[in-house]
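Participant: Dropping in run-v4.pdb, with PDB, C-alpha atoms.
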ATOM      1  CA  VAL A   1     -14.858   2.361   8.249
ATOM      2  CA  LEU A   2     -12.061   4.604   9.530
ATOM      3  CA  GLU A   3     -11.813   2.467  12.655
ATOM      4  CA  LYS A   4     -11.201  -0.556  10.424
ATOM      5  CA  TYR A   5      -7.979   1.101   9.284
ATOM      6  CA  THR A   6      -6.794   2.889  12.409
ATOM      7  CA  HIS A   7      -6.871  -0.289  14.496
ATOM      8  CA  THR A   8      -4.960  -2.474  12.063
ATOM      9  CA  PRO A   9      -1.759  -4.170  13.173
ATOM     10  CA  GLU A  10       1.449  -2.561  11.958
ATOM     11  CA  VAL A  11       3.753  -5.112  10.343
ATOM     12  CA  SER A  12       7.070  -5.152   8.527
ATOM     13  CA  VAL A  13       7.132  -6.068   4.859
ATOM     14  CA  ALA A  14       8.616  -9.486   5.723
ATOM     15  CA  GLU A  15       5.807 -10.117   8.222
ATOM     16  CA  PHE A  16       3.247  -8.956   5.655
ATOM     17  CA  LEU A  17       4.647 -11.283   2.993
ATOM     18  CA  ALA A  18       4.329 -14.237   5.394
ATOM     19  CA  LYS A  19       0.588 -13.591   5.897
ATOM     20  CA  GLU A  20      -2.120 -15.486   4.045
ATOM     21  CA  ASN A  21      -4.083 -13.766   1.304
ATOM     22  CA  SER A  22      -7.303 -12.266   2.647
ATOM     23  CA  LYS A  23      -9.632  -9.527   1.465
ATOM     24  CA  ASP A  24     -10.930  -9.158   5.027
ATOM     25  CA  VAL A  25      -7.720  -8.637   7.021
ATOM     26  CA  TYR A  26      -5.860  -5.324   6.741
ATOM     27  CA  TYR A  27      -2.332  -4.409   7.818
ATOM     28  CA  LYS A  28      -0.522  -1.108   8.258
ATOM     29  CA  LEU A  29       2.818  -0.829   6.456
ATOM     30  CA  THR A  30       5.342   1.990   6.605
ATOM     31  CA  GLY A  31       8.337   2.282   4.328
ATOM     32  CA  THR A  32       9.950   4.263   1.568
ATOM     33  CA  ILE A  33       8.805   4.412  -2.004
ATOM     34  CA  ASP A  34      11.471   2.394  -3.804
ATOM     35  CA  GLU A  35       9.959   2.718  -7.282
ATOM     36  CA  ILE A  36       6.887   4.254  -8.869
ATOM     37  CA  LYS A  37       5.770   1.783 -11.504
ATOM     38  CA  ASN A  38       2.603   3.605 -12.591
ATOM     39  CA  ALA A  39       1.897   7.048 -11.142
ATOM     40  CA  GLN A  40      -1.638   7.294 -12.537
ATOM     41  CA  TYR A  41      -2.838   4.215 -10.655
ATOM     42  CA  GLY A  42      -0.457   4.402  -7.699
ATOM     43  CA  ASN A  43       1.450   1.193  -8.410
ATOM     44  CA  ILE A  44       4.626   1.390  -6.315
ATOM     45  CA  ASN A  45       7.270  -0.727  -4.645
ATOM     46  CA  LEU A  46       7.426  -0.163  -0.897
ATOM     47  CA  LYS A  47      10.666  -0.885   0.966
ATOM     48  CA  ASP A  48      10.815  -1.107   4.750
ATOM     49  CA  ALA A  49      13.719  -0.369   7.104
ATOM     50  CA  ASN A  50      14.964  -3.969   6.770
ATOM     51  CA  GLY A  51      15.254  -3.667   2.982
ATOM     52  CA  ASP A  52      12.318  -5.947   2.233
ATOM     53  CA  ILE A  53      10.174  -4.859  -0.735
ATOM     54  CA  VAL A  54       6.515  -5.437  -1.611
ATOM     55  CA  TYR A  55       4.557  -4.349  -4.665
ATOM     56  CA  VAL A  56       1.537  -2.121  -4.006
ATOM     57  CA  TYR A  57      -1.122  -2.625  -6.656
ATOM     58  CA  GLY A  58      -2.932   0.695  -6.768
ATOM     59  CA  LEU A  59      -2.823   3.246  -4.002
ATOM     60  CA  LEU A  60      -6.266   4.628  -3.174
ATOM     61  CA  PRO A  61      -6.935   8.084  -1.694
ATOM     62  CA  GLY A  62      -9.549   6.608   0.654
ATOM     63  CA  TYR A  63     -11.664   3.570   1.359
ATOM     64  CA  GLY A  64     -14.310   2.915  -1.279
ATOM     65  CA  ALA A  65     -12.799   5.109  -3.996
ATOM     66  CA  THR A  66     -14.179   4.149  -7.408
ATOM     67  CA  GLY A  67     -13.758   5.130 -11.031
ATOM     68  CA  ALA A  68     -11.611   8.174 -11.711
ATOM     69  CA  ALA A  69     -11.350   8.872  -7.962
ATOM     70  CA  LYS A  70      -9.007   5.846  -7.741
ATOM     71  CA  GLN A  71      -6.436   7.584  -9.919
ATOM     72  CA  GLY A  72      -3.992  10.432  -9.492
ATOM     73  CA  LEU A  73      -3.006  10.127  -5.822
ATOM     74  CA  VAL A  74       0.736  10.042  -6.544
ATOM     75  CA  GLU A  75       0.605  13.384  -8.339
ATOM     76  CA  ALA A  76      -1.981  14.943  -6.022
ATOM     77  CA  LYS A  77       0.144  14.209  -2.932
ATOM     78  CA  GLY A  78       3.450  14.878  -4.682
ATOM     79  CA  LEU A  79       4.765  11.405  -3.874
ATOM     80  CA  LYS A  80       8.237  10.579  -5.125
ATOM     81  CA  VAL A  81      10.877   7.872  -4.800
ATOM     82  CA  GLY A  82      12.477   8.085  -1.354
ATOM     83  CA  ASP A  83       9.388   9.447   0.429
ATOM     84  CA  THR A  84       8.305   7.649   3.584
ATOM     85  CA  ILE A  85       4.709   6.479   3.316
ATOM     86  CA  THR A  86       2.208   4.712   5.546
ATOM     87  CA  ILE A  87      -0.537   2.658   3.917
ATOM     88  CA  VAL A  88      -3.156   0.150   4.953
ATOM     89  CA  GLY A  89      -3.991  -2.803   2.742
ATOM     90  CA  ASN A  90      -4.660  -6.491   2.556
ATOM     91  CA  LYS A  91      -2.421  -9.353   1.467
ATOM     92  CA  ALA A  92      -3.119 -10.384  -2.098
ATOM     93  CA  SER A  93      -1.239 -11.960  -4.966
ATOM     94  CA  TYR A  94      -1.256 -11.949  -8.741
ATOM     95  CA  LYS A  95       0.009 -14.978 -10.651
ATOM     96  CA  GLY A  96       1.650 -16.186  -7.450
ATOM     97  CA  ASP A  97       3.474 -12.923  -6.732
ATOM     98  CA  PRO A  98       2.547 -11.272  -3.401
ATOM     99  CA  GLN A  99       1.274  -7.720  -3.326
ATOM    100  CA  VAL A 100      -0.660  -5.227  -1.254
ATOM    101  CA  GLY A 101      -4.261  -5.082  -2.422
ATOM    102  CA  ASN A 102      -6.868  -2.420  -1.683
ATOM    103  CA  ALA A 103      -4.085  -0.160  -0.425
ATOM    104  CA  VAL A 104      -5.283   3.079   1.145
ATOM    105  CA  TYR A 105      -2.980   6.074   1.609
ATOM    106  CA  MET A 106      -2.685   7.184   5.236
ATOM    107  CA  SER A 107       0.223   9.657   5.332
ATOM    108  CA  HIS A 108       3.662  10.440   3.977
ATOM    109  CA  THR A 109       6.761  12.476   4.634
ATOM    110  CA  SER A 110       8.821  13.883   1.780
ATOM    111  CA  ASN A 111      12.516  13.108   2.035
TER     112      ASN A 111
END
Turn this file's structure into structure tokens for me.

Facilitator:
Amino acid sequence: VLEKYTHTPEVSVAEFLAKENSKDVYYKLTGTIDEIKNAQYGNINLKDANGDIVYVYGLLPGYGATGAAKQGLVEAKGLKVGDTITIVGNKASYKGDPQVGNAVYMSHTSN
């Protein structure tokens, strides 16, 4: 499972947004946390170096997290607006709006 994430292509937010929705294809994204919309579930806006923004629907602490284990990552890692974060997730959408689905936390740097 770890190999599934470590060998994913790294893309910009603009490149990610141009991809087709797929639950089977994962991408690595790095950017700054632009907004924390829901800390309990890890819903954030991620902005890359080009200024492009994508919504991350739920940031998981690891692949396969379920139930209560899916919650609390933002607080546990001390994530805040302006931190640089790397995640892996798939392209999804909700009501036509693109987002990162099944997003798994990889690393971050506090700024």

Participant: Since I can't run it myself right now, could you work out what the PyMOL selection byres ((chain A and resi 25-28) around 8) selects here and report it as a PyMOL selection string?

Facilitator: chain A and resi 5+8-11+16+22-24+29-30+86-91

Participant: Which of these, A:Leu79, A:Val104, A:Leu46, A:Leu59, has the shortest distance to Ser12 of chain A once you count only C-alpha atoms?

Facilitator: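 Smallest distance to Ser12 of chain A is found for A:Leu46.
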
Participant: Can you measure atom CA of Ala65 of chain A to atom CA of Gly78 of chain A for me? One decimal in Å is fine.

Facilitator: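 Those two atoms sit 19.0 Å apart.
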
Participant: Taking the file above as input, evaluate the PyMOL selection byres ((chain A and resi 32) around 12) and report the hits as a short mmCIF file (atom, residue, chain, number, x, y, z; two decimals) with C-alpha atoms, in the frame of the given file.

Facilitator:
data_model
loop_
_atom_site.label_atom_id
_atom_site.label_comp_id
_atom_site.auth_asym_id
_atom_site.auth_seq_id
_atom_site.Cartn_x
_atom_site.Cartn_y
_atom_site.Cartn_z
CA VAL A 13 7.13 -6.07 4.86
CA LEU A 29 2.82 -0.83 6.46
CA THR A 30 5.34 1.99 6.60
CA GLY A 31 8.34 2.28 4.33
CA ILE A 33 8.80 4.41 -2.00
CA ASP A 34 11.47 2.39 -3.80
CA GLU A 35 9.96 2.72 -7.28
CA ILE A 36 6.89 4.25 -8.87
CA ILE A 44 4.63 1.39 -6.32
CA ASN A 45 7.27 -0.73 -4.64
CA LEU A 46 7.43 -0.16 -0.90
CA LYS A 47 10.67 -0.88 0.97
CA ASP A 48 10.82 -1.11 4.75
CA ALA A 49 13.72 -0.37 7.10
CA ASN A 50 14.96 -3.97 6.77
CA GLY A 51 15.25 -3.67 2.98
CA ASP A 52 12.32 -5.95 2.23
CA ILE A 53 10.17 -4.86 -0.74
CA VAL A 54 6.52 -5.44 -1.61
CA TYR A 55 4.56 -4.35 -4.66
CA VAL A 56 1.54 -2.12 -4.01
CA LEU A 79 4.76 11.40 -3.87
CA LYS A 80 8.24 10.58 -5.12
CA VAL A 81 10.88 7.87 -4.80
CA GLY A 82 12.48 8.09 -1.35
CA ASP A 83 9.39 9.45 0.43
CA THR A 84 8.30 7.65 3.58
CA ILE A 85 4.71 6.48 3.32
CA THR A 86 2.21 4.71 5.55
CA ILE A 87 -0.54 2.66 3.92
CA SER A 107 0.22 9.66 5.33
CA HIS A 108 3.66 10.44 3.98
CA THR A 109 6.76 12.48 4.63
CA SER A 110 8.82 13.88 1.78
CA ASN A 111 12.52 13.11 2.04
#

Participant: May I ask for the distance between atom CA of Gly62 of chain A and atom CA of Asp97 of chain A, given in Å to one decimal place?

Facilitator: 24.6 Å

Participant: List, as an NGL selection string, every residue that the PyMOL selection byres ((chain A and resi 67-76) around 7) selects in the file provided.

Facilitator: :A and (39-42 or 60-61 or 65-66 or 77-79)

Participant: If you measure from atom CA of Glu20 of chain A to atom CA of Ala92 of chain A, what distance in Å do you get, rounded to one decimal?

Facilitator: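 Distance reported for this atom pair: 8.0 Å.
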
Participant: From the set A:Lys37, A:Gly64, A:Gly58, A:Leu17, which residue has the shortest atom-to-atom contact distance to Pro98 of chain A, counting all atoms listed in the file?

Facilitator: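 Under the stated criterion, the closest residue is A:Leu17.
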
Participant: Export segment 21-110 of chain A, C-alpha atoms, as a PDB file, in the first residue's frame; it's the structure right above.

Facilitator:
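part05.pdb written:
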ATOM      1  CA  ASN A  21     -12.077  11.843 -11.761  1.00  0.00           C
ATOM      2  CA  SER A  22     -10.810   8.422 -10.707  1.00  0.00           C
ATOM      3  CA  LYS A  23     -10.816   6.494  -7.450  1.00  0.00           C
ATOM      4  CA  ASP A  24      -7.922   4.385  -8.748  1.00  0.00           C
ATOM      5  CA  VAL A  25      -5.366   7.031  -9.758  1.00  0.00           C
ATOM      6  CA  TYR A  26      -3.503   8.961  -7.053  1.00  0.00           C
ATOM      7  CA  TYR A  27      -1.440  12.143  -7.308  1.00  0.00           C
ATOM      8  CA  LYS A  28       1.004  13.851  -4.969  1.00  0.00           C
ATOM      9  CA  LEU A  29       0.309  17.531  -4.292  1.00  0.00           C
ATOM     10  CA  THR A  30       2.399  19.995  -2.317  1.00  0.00           C
ATOM     11  CA  GLY A  31       1.249  23.453  -1.341  1.00  0.00           C
ATOM     12  CA  THR A  32       0.310  25.716   1.511  1.00  0.00           C
ATOM     13  CA  ILE A  33      -2.801  25.466   3.598  1.00  0.00           C
ATOM     14  CA  ASP A  34      -4.827  28.451   2.411  1.00  0.00           C
ATOM     15  CA  GLU A  35      -7.840  27.823   4.650  1.00  0.00           C
ATOM     16  CA  ILE A  36      -8.957  25.251   7.189  1.00  0.00           C
ATOM     17  CA  LYS A  37     -12.653  24.756   6.566  1.00  0.00           C
ATOM     18  CA  ASN A  38     -13.224  21.975   9.109  1.00  0.00           C
ATOM     19  CA  ALA A  39     -10.361  21.003  11.414  1.00  0.00           C
ATOM     20  CA  GLN A  40     -12.084  17.911  12.821  1.00  0.00           C
ATOM     21  CA  TYR A  41     -12.365  16.240   9.416  1.00  0.00           C
ATOM     22  CA  GLY A  42      -9.348  17.844   7.754  1.00  0.00           C
ATOM     23  CA  ASN A  43     -11.240  19.809   5.110  1.00  0.00           C
ATOM     24  CA  ILE A  44      -8.776  22.393   3.777  1.00  0.00           C
ATOM     25  CA  ASN A  45      -7.978  24.521   0.762  1.00  0.00           C
ATOM     26  CA  LEU A  46      -4.542  23.781  -0.667  1.00  0.00           C
ATOM     27  CA  LYS A  47      -2.739  26.466  -2.674  1.00  0.00           C
ATOM     28  CA  ASP A  48       0.315  25.697  -4.790  1.00  0.00           C
ATOM     29  CA  ALA A  49       3.223  27.963  -5.753  1.00  0.00           C
ATOM     30  CA  ASN A  50       1.309  29.189  -8.828  1.00  0.00           C
ATOM     31  CA  GLY A  51      -1.620  30.386  -6.703  1.00  0.00           C
ATOM     32  CA  ASP A  52      -4.008  27.676  -7.859  1.00  0.00           C
ATOM     33  CA  ILE A  53      -6.323  26.327  -5.137  1.00  0.00           C
ATOM     34  CA  VAL A  54      -8.068  22.976  -4.676  1.00  0.00           C
ATOM     35  CA  TYR A  55     -10.419  21.828  -1.936  1.00  0.00           C
ATOM     36  CA  VAL A  56      -9.300  18.778   0.054  1.00  0.00           C
ATOM     37  CA  TYR A  57     -12.283  16.825   1.331  1.00  0.00           C
ATOM     38  CA  GLY A  58     -10.996  15.153   4.472  1.00  0.00           C
ATOM     39  CA  LEU A  59      -7.347  14.639   5.239  1.00  0.00           C
ATOM     40  CA  LEU A  60      -6.612  11.123   6.482  1.00  0.00           C
ATOM     41  CA  PRO A  61      -3.710  10.179   8.776  1.00  0.00           C
ATOM     42  CA  GLY A  62      -3.044   7.052   6.702  1.00  0.00           C
ATOM     43  CA  TYR A  63      -4.461   4.777   4.053  1.00  0.00           C
ATOM     44  CA  GLY A  64      -7.511   2.831   5.194  1.00  0.00           C
ATOM     45  CA  ALA A  65      -8.323   4.988   8.221  1.00  0.00           C
ATOM     46  CA  THR A  66     -11.927   4.451   9.314  1.00  0.00           C
ATOM     47  CA  GLY A  67     -14.339   5.747  11.915  1.00  0.00           C
ATOM     48  CA  ALA A  68     -12.892   8.048  14.552  1.00  0.00           C
ATOM     49  CA  ALA A  69      -9.365   7.414  13.223  1.00  0.00           C
ATOM     50  CA  LYS A  70     -10.303   9.582  10.203  1.00  0.00           C
ATOM     51  CA  GLN A  71     -10.699  12.630  12.422  1.00  0.00           C
ATOM     52  CA  GLY A  72      -8.379  14.949  14.293  1.00  0.00           C
ATOM     53  CA  LEU A  73      -5.299  15.020  12.047  1.00  0.00           C
ATOM     54  CA  VAL A  74      -5.210  18.824  11.813  1.00  0.00           C
ATOM     55  CA  GLU A  75      -4.979  19.186  15.585  1.00  0.00           C
ATOM     56  CA  ALA A  76      -2.748  16.147  16.110  1.00  0.00           C
ATOM     57  CA  LYS A  77      -0.151  17.454  13.630  1.00  0.00           C
ATOM     58  CA  GLY A  78      -0.606  21.095  14.618  1.00  0.00           C
ATOM     59  CA  LEU A  79      -1.492  22.117  11.067  1.00  0.00           C
ATOM     60  CA  LYS A  80      -2.281  25.773  10.506  1.00  0.00           C
ATOM     61  CA  VAL A  81      -2.909  28.210   7.665  1.00  0.00           C
ATOM     62  CA  GLY A  82       0.376  28.938   5.888  1.00  0.00           C
ATOM     63  CA  ASP A  83       1.962  25.536   6.584  1.00  0.00           C
ATOM     64  CA  THR A  84       3.429  23.695   3.613  1.00  0.00           C
ATOM     65  CA  ILE A  85       1.890  20.249   3.254  1.00  0.00           C
ATOM     66  CA  THR A  86       2.328  17.255   0.976  1.00  0.00           C
ATOM     67  CA  ILE A  87      -0.634  14.946   0.429  1.00  0.00           C
ATOM     68  CA  VAL A  88      -1.598  12.111  -1.864  1.00  0.00           C
ATOM     69  CA  GLY A  89      -5.138  11.780  -3.151  1.00  0.00           C
ATOM     70  CA  ASN A  90      -7.350  11.111  -6.108  1.00  0.00           C
ATOM     71  CA  LYS A  91      -9.311  13.495  -8.313  1.00  0.00           C
ATOM     72  CA  ALA A  92     -12.945  13.656  -7.299  1.00  0.00           C
ATOM     73  CA  SER A  93     -15.780  16.142  -7.462  1.00  0.00           C
ATOM     74  CA  TYR A  94     -18.910  17.032  -5.549  1.00  0.00           C
ATOM     75  CA  LYS A  95     -21.830  18.665  -7.346  1.00  0.00           C
ATOM     76  CA  GLY A  96     -19.483  19.468 -10.219  1.00  0.00           C
ATOM     77  CA  ASP A  97     -16.825  21.123  -8.053  1.00  0.00           C
ATOM     78  CA  PRO A  98     -13.380  19.452  -8.194  1.00  0.00           C
ATOM     79  CA  GLN A  99     -11.711  18.262  -5.025  1.00  0.00           C
ATOM     80  CA  VAL A 100      -9.069  15.930  -3.672  1.00  0.00           C
ATOM     81  CA  GLY A 101     -10.667  12.718  -2.456  1.00  0.00           C
ATOM     82  CA  ASN A 102      -9.175  10.058  -0.194  1.00  0.00           C
ATOM     83  CA  ALA A 103      -6.405  12.495   0.710  1.00  0.00           C
ATOM     84  CA  VAL A 104      -3.645  11.013   2.848  1.00  0.00           C
ATOM     85  CA  TYR A 105      -1.244  13.189   4.845  1.00  0.00           C
ATOM     86  CA  MET A 106       2.404  12.624   3.924  1.00  0.00           C
ATOM     87  CA  SER A 107       4.345  15.466   5.577  1.00  0.00           C
ATOM     88  CA  HIS A 108       4.303  19.144   6.445  1.00  0.00           C
ATOM     89  CA  THR A 109       6.520  22.029   7.416  1.00  0.00           C
ATOM     90  CA  SER A 110       5.289  24.738   9.764  1.00  0.00           C
TER      91      SER A 110
END
